[in-house]
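Engineer: Have a look at this one.
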Amino acid sequence: MPLNSFDTDMDIDTNTTLTPTEFMDEDPPMTVENTDNIALLIDELKHEDVQYRLNSIKKLKLIVNALGVERTRTELIPFLQESIDDEDEVLLALAEELGQLVDAVGGAQYAYYLLPPLENIAAVEETSVRDKAVASLCHIAQVLPEEHLEKYFLPLLRRLTVGDWFTTRTSATGLYAAVYKRVSPSVDGELKTLFTQLVEDESPMVKRSAAKALVKFAAEVSPEDVNAFIIPLFQKLAEDDQDSVRLLTVEVLIALANRLSHDKSKELLLPAFKALSNDKAWRVRYMVASKYVELANAFGQTTAREHFTAAFVNLLGDTEGEVRTAAASQIPGYAKLVEKSVILQELLPCVKALVTDENQHARAALAKEISGLAPIIGQEATMEFLLPLFLQQLTDEFPDVRLNVISNLETINHAIGIERVSQALLPAIVELSEDKQWRIRLAIIEYIPLLAKQFGSKFFEEKLLELCMSWLRDLVFSIREAATVNLMKLTEVFGAEWAKIAIIPEVMKMTTDENYLHRMTTIFALTTMAEALTPNMVKDSILPTIIDMSKDPIPNIRFNVAKSLETLIPLLKKEPSTFDLIGTSVKPTLTNLSADQDVDVKFFATRALENIAI
């Protein structure tokens with residue numbers, strides 16, 4: 001009975017067994033009783049609903065195990081080949097599954113049965129589907145016997161290469177590297193000719209695919225073919241009219257330079273590097289800038305020192321902000337390859353210019369990487385040249401710049417020592433923390449936990465803890481709120497025991513403050529910190545203070561006490577030693593507050609009591 005008749009009463013091989021890893025959790029093991037399920041999956045391969053077809057395709061392994069290898073080859077695969085005109089989502093899944101069915105069709109000797117449907121899928125318009133089909137074809141090419149490779153796979157490759165539609169030719173580019181080493185020498189010349197046709201194709205899409213494929217192809221050919229075959233193709237692509245093609249040759253340049261000796265790279269590839277780094281299209285220069293350290297390492301330190309610095313300086317000062325941003329990210333990596341005098345005389349002037357660059361992303365990229373220069377140029381040069389730039393970046397209007405500087409202080413600490421860093425940067429941090437613009441103060445608060453990680457608890461207590469506590473009394477609510485969150489994050493950084501000794505006593509002092517806003521901030525701070533403390537610490541250090549404040553004459557304080565207790569209840573439930581406090585301390589307090597004269601106090605107290613019942 002042919003498969004494509006899809007009779008659900010069809011015979012299924014029930015003797016096939018599946019290992020537990022061969023089916024999804026929701027699928028029962030293959031037994032006689034569930035053969036109807038397999039028949040249903042087969043029937044759903046032609047269902048009008050795409051989701052049914054997709055579900056069935058994703059379970060092809062179940063179907064092929066039920067059918068057996070012979071019927072899979074002679075009935076299922078031909079049917080799938082006829083069903084190529086389908087939704088992209090289904091074809092994507094089918095392309096992936098077909099690459100995994102070598103054993104299902106009988107092993108490597110019969111793997112060629114899988115080639116026709118994959119050839120058809122490799123011609124569709126959707127790029128992701130074609131890429132998956134190419135990946136499966138490459139996998140099958142690795143397992144095919146050599147005689148089958150030339151009998152079945154090479155004709156497929158030829159058809160795709162000379163196909164009328166650009167889609168087949170783009171797919172073909174990705175197959176050459178997989179087969180080149182496995183075919184007989186008599187076919188090498190033909191494969192080179194066919195791939196050259198793709199490089200010279202009139203379609204930019206095909207040439208882009210060829211440029212991408214050339215990276216892997218270069219790794220498969222002999223050293224002689226690199227010089228005689230690959231480099232001429234690279235040069236053609238590097239001189240293409242389309243910048244979208246030229247930019248892809250940067251990766252090829254890296255691959256070729258890694259294959260050749262440094263002397264050969266300098267002789268054969270340096271002109272192409274200089275042309276690409278000075279390309280008229282900014283996207284090409286951007287690609288060079290983003291891969292600059294890789295390029296320099298591929299060519300070797302000697303060539304980099306002789307020929308790469310001038311081009312790098314040009315990229316750091318490029319007219320396009322995106323190029324400057326990419327180049328800025330490469331500064332520390334490239335600095336490792338050149339002499340210290342070159343860094344100080346040629347790179348640092350570029351760094352200074354980037355600190356005030358009009359492009360905020362370029363400034364942020366520099367701030368993320370600039371600290372990497374400190375270990376390279378040493379203590380004295382860092383103090384003289386870099387620290388002033390760090391101070392300038394700390395006042396940058398773009399928050400990412402400030403964040404990147406603070407996030408990378410640890411590198412500077414290692415280079416010049418924490419004392420020097422604190423002497424230079426802490427005054428700036430303190431000054432920013434007192435800025436008249438509350439948003440700047442808020443930004444500094446958000447960076448304090450990062451500073452805490454860099455400086456350690458002892459240094460932090462001495463230099464910054466008092467500043468953190470002062471924010472709890474700020475005139476702006478957003479600052480006070482952020483300050484309470486900051487205390488919780490500091491507790492997470494240094495530990496609950498540290499908070500119990502260093503922070504909580506200082507917060508407690510505000511419970512008797514005349515300003516009710518400060519007393520209310522105490523509630524917020526203690527409640528927020530409680531999440532980072534153990535239940536027993538909440539019991540000893542937090543709960544008594546919160547309950548005492550339930551008697552405050554200000555209604556806003558009392559209803560915030562009710563809200564705080566509601567938050568603390570789940571924390572107290574975590575430990576048996578604190579669970580009883582809910583009934584002996586929390587509930588009586590909330591009961592009193594639920595009878596309060598103020599409506600808001602009653603509401604929040606009543607809501608908290610309801611949560612106790614839950």
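In the structure tokens, each chain is lettered A, B, ... as it comes, each chain's residues begin at 1, and ligands are numbered from 1 in order of appearance.
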Quick one: residues within 7 Å of range 144-149 of chain A, only C-alpha atoms counted, chain neighbours fewer than 3 positions away excluded, as a PyMOL selection string?
Structural biologist: chain A and resi 108-109+111+140-141+152-154+182-183
Engineer: Could you turn the residues from that selection into a file that holds N, CA, C and O atoms, as an mmCIF file, in the first residue's frame?
Structural biologist:
```cif
data_model
loop_
_atom_site.group_PDB
_atom_site.id
_atom_site.type_symbol
_atom_site.label_atom_id
_atom_site.label_comp_id
_atom_site.auth_asym_id
_atom_site.auth_seq_id
_atom_site.Cartn_x
_atom_site.Cartn_y
_atom_site.Cartn_z
ATOM 1 N N ALA A 108 24.566 4.645 6.029
ATOM 2 C CA ALA A 108 25.284 5.453 5.049
ATOM 3 C C ALA A 108 25.080 4.962 3.618
ATOM 4 O O ALA A 108 25.039 5.763 2.678
ATOM 5 N N GLN A 109 24.939 3.625 3.429
ATOM 6 C CA GLN A 109 24.786 3.067 2.086
ATOM 7 C C GLN A 109 23.500 3.548 1.405
ATOM 8 O O GLN A 109 23.389 3.520 0.173
ATOM 9 N N ALA A 111 21.960 6.594 2.430
ATOM 10 C CA ALA A 111 21.745 7.998 2.782
ATOM 11 C C ALA A 111 21.414 8.859 1.569
ATOM 12 O O ALA A 111 20.805 9.928 1.704
ATOM 13 N N ILE A 140 25.157 14.868 5.592
ATOM 14 C CA ILE A 140 25.019 13.631 4.821
ATOM 15 C C ILE A 140 26.253 13.412 3.956
ATOM 16 O O ILE A 140 26.720 12.271 3.771
ATOM 17 N N ALA A 141 26.835 14.497 3.427
ATOM 18 C CA ALA A 141 28.034 14.380 2.597
ATOM 19 C C ALA A 141 29.198 13.753 3.359
ATOM 20 O O ALA A 141 30.050 13.086 2.773
ATOM 21 N N TYR A 152 25.938 10.527 -6.612
ATOM 22 C CA TYR A 152 24.681 11.185 -6.252
ATOM 23 C C TYR A 152 24.860 12.641 -5.794
ATOM 24 O O TYR A 152 24.043 13.498 -6.143
ATOM 25 N N PHE A 153 25.918 12.892 -5.006
ATOM 26 C CA PHE A 153 26.036 14.221 -4.414
ATOM 27 C C PHE A 153 26.573 15.256 -5.398
ATOM 28 O O PHE A 153 26.066 16.384 -5.469
ATOM 29 N N LEU A 154 27.602 14.885 -6.167
ATOM 30 C CA LEU A 154 28.173 15.849 -7.110
ATOM 31 C C LEU A 154 27.181 16.290 -8.188
ATOM 32 O O LEU A 154 27.132 17.476 -8.530
ATOM 33 N N ARG A 182 36.947 15.017 0.022
ATOM 34 C CA ARG A 182 36.511 13.621 -0.081
ATOM 35 C C ARG A 182 36.406 13.119 -1.520
ATOM 36 O O ARG A 182 36.312 11.919 -1.747
ATOM 37 N N VAL A 183 36.385 14.045 -2.472
ATOM 38 C CA VAL A 183 36.241 13.595 -3.862
ATOM 39 C C VAL A 183 37.612 13.255 -4.437
ATOM 40 O O VAL A 183 38.651 13.658 -3.903
#
```
Engineer: Could you give me, as a list of chain:residue names, the residues within 10 Å of range 341-350 of chain A, counting only C-alpha atoms and dropping anything in the same chain fewer than 4 positions from it?
Structural biologist: A:Arg305, A:Thr309, A:Ala310, A:Phe312, A:Val313, A:Asn314, A:Leu315, A:Leu316, A:Gly317, A:Ala328, A:Ile331, A:Pro332, A:Tyr334, A:Ala335, A:Lys336, A:Leu337, A:Leu354, A:Val355, A:Leu373, A:Ile376, A:Ile377, A:Ala381, A:Phe385, A:Leu386
Engineer: Write out as a ChimeraX atom specification the residues lying within 7 Å of range 262-272 of chain A, counting only C-alpha atoms and excluding same-chain residues fewer than 3 positions away.
Structural biologist: /A:257,275-276,299-300,303
Engineer: Using only C-alpha atoms, which protein or nucleic acid residues come within 6 Å of Ala367 in chain A? Drop anything in the same chain fewer than 2 positions from it, and give the result as number ranges by chain.
Structural biologist: A: 364-365, 369-370, 401, 404-405
Engineer: Quick one: residues within 10 Å of Asp279 in chain A, only C-alpha atoms, excluding same-chain residues fewer than 5 positions away - as a PyMOL selection string?
Structural biologist: chain A and resi 239+243+246-247+273-274+284-286+288
Engineer: Give me, as a PyMOL selection string, all polymer residues having an atom no more than 10 Å from Gly321 in chain A, counting only C-alpha atoms and skipping those fewer than 3 positions away in the same chain.
Structural biologist: chain A and resi 282+286+315-318+324-327+357-363
Engineer: Kindly save the residues from that selection, with N, CA, C and O atoms included, as a CSV table (one decimal), in the first residue's frame.
Structural biologist:
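Output saved as again22.csv:
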```csv
chain,number,residue,atom,x,y,z
A,282,TRP,N,31.5,53.0,4.7
A,282,TRP,CA,31.7,52.9,6.1
A,282,TRP,C,31.4,51.5,6.7
A,282,TRP,O,32.1,51.1,7.7
A,286,TYR,N,33.8,49.6,9.1
A,286,TYR,CA,33.3,49.1,10.4
A,286,TYR,C,33.6,47.6,10.7
A,286,TYR,O,34.0,47.3,11.8
A,315,LEU,N,40.9,54.8,11.8
A,315,LEU,CA,39.6,54.2,12.2
A,315,LEU,C,39.1,54.8,13.5
A,315,LEU,O,37.9,55.1,13.7
A,316,LEU,N,40.0,55.1,14.4
A,316,LEU,CA,39.6,55.7,15.7
A,316,LEU,C,39.1,57.1,15.5
A,316,LEU,O,38.3,57.6,16.3
A,317,GLY,N,39.6,57.7,14.4
A,317,GLY,CA,39.1,59.1,14.1
A,317,GLY,C,38.2,59.1,12.9
A,317,GLY,O,38.1,60.2,12.3
A,318,ASP,N,37.6,58.0,12.5
A,318,ASP,CA,36.8,57.9,11.3
A,318,ASP,C,35.6,58.9,11.4
A,318,ASP,O,35.1,59.3,12.5
A,324,ARG,N,34.0,54.5,14.7
A,324,ARG,CA,34.8,54.8,15.9
A,324,ARG,C,34.4,54.0,17.1
A,324,ARG,O,35.3,53.6,17.9
A,325,THR,N,33.1,53.7,17.2
A,325,THR,CA,32.7,52.8,18.3
A,325,THR,C,33.3,51.4,18.2
A,325,THR,O,33.8,50.9,19.2
A,326,ALA,N,33.3,50.8,17.0
A,326,ALA,CA,33.9,49.5,16.8
A,326,ALA,C,35.4,49.5,17.1
A,326,ALA,O,36.0,48.6,17.7
A,327,ALA,N,36.1,50.6,16.6
A,327,ALA,CA,37.5,50.7,16.8
A,327,ALA,C,37.9,50.9,18.3
A,327,ALA,O,38.8,50.3,18.8
A,357,ASP,N,33.8,62.4,22.4
A,357,ASP,CA,33.2,62.2,21.1
A,357,ASP,C,31.8,62.6,21.1
A,357,ASP,O,31.0,62.4,22.1
A,358,GLU,N,31.3,63.1,19.9
A,358,GLU,CA,29.9,63.4,19.8
A,358,GLU,C,28.9,62.2,19.8
A,358,GLU,O,27.8,62.4,20.2
A,359,ASN,N,29.5,61.1,19.5
A,359,ASN,CA,28.7,59.8,19.5
A,359,ASN,C,28.7,59.2,20.8
A,359,ASN,O,29.8,58.7,21.3
A,360,GLN,N,27.6,59.1,21.5
A,360,GLN,CA,27.5,58.6,22.9
A,360,GLN,C,27.9,57.1,22.9
A,360,GLN,O,28.5,56.6,23.9
A,361,HIS,N,27.6,56.4,21.9
A,361,HIS,CA,28.0,54.9,21.8
A,361,HIS,C,29.5,54.7,21.7
A,361,HIS,O,30.0,53.8,22.3
A,362,ALA,N,30.1,55.6,21.0
A,362,ALA,CA,31.6,55.6,20.9
A,362,ALA,C,32.2,55.9,22.3
A,362,ALA,O,33.2,55.2,22.7
A,363,ARG,N,31.7,56.8,23.0
A,363,ARG,CA,32.2,57.2,24.4
A,363,ARG,C,31.9,56.0,25.3
A,363,ARG,O,32.8,55.7,26.1
```
Engineer: If I take CA of Ser470 in chain A and CA of Leu389 in chain A, how far is one from the other in Å, to one decimal?
Structural biologist: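 So the two atoms, CA of Ser470 in chain A and CA of Leu389 in chain A, lie 28.4 Å apart.
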Engineer: Quick one: residues within 8 Å of Ala525 in chain A, only C-alpha atoms counted, chain neighbours fewer than 6 positions away excluded, as a count of residues only?
Structural biologist: 6
Engineer: Please measure the separation of CA of Lys489 in chain A and CA of Lys453 in chain A, giving the value in Å to one decimal.
Structural biologist: 10.6 Å
Engineer: For the contact check between range 85-171 of chain A and range 62-72 of chain A, emit one row per residue of range 85-171 of chain A within 8 Å, containing the shortest atom pair and the distance in Å rounded to one decimal, counting only C-alpha atoms, chain then rising number order, as JSON lines.
Structural biologist:
```
{"residue": "A:Ala104", "atom": "CA", "partner": "A:Val69", "partner_atom": "CA", "distance": 5.6}
{"residue": "A:Val105", "atom": "CA", "partner": "A:Val69", "partner_atom": "CA", "distance": 4.8}
{"residue": "A:Gly106", "atom": "CA", "partner": "A:Val69", "partner_atom": "CA", "distance": 5.6}
```
Engineer: Which one is closest to Ser209 in chain A: A:Ala172, A:Ala238, A:Leu94, A:Leu432? Count only C-alpha atoms.
Structural biologist: A:Ala172
Engineer: Extract the full set of alpha helix (DSSP H) residues from range 371-481 of chain A according to DSSP on the backbone, and format it as a ChimeraX atom specification.
Structural biologist: /A:374-381,387-394,399-407,409-416,418-433,438-455,457-463,465-470,477-481
Engineer: Quick one: of A:Leu572, A:Leu517, A:Pro375, A:Thr591, who's nearest to Ile557 in chain A, counting only C-alpha atoms?
Structural biologist: A:Leu517
Engineer: Figure out the distance between CA of Phe459 in chain A and CA of Gln392 in chain A, please, to one decimal in Å.
Structural biologist: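 These two atoms are separated by 23.6 Å.
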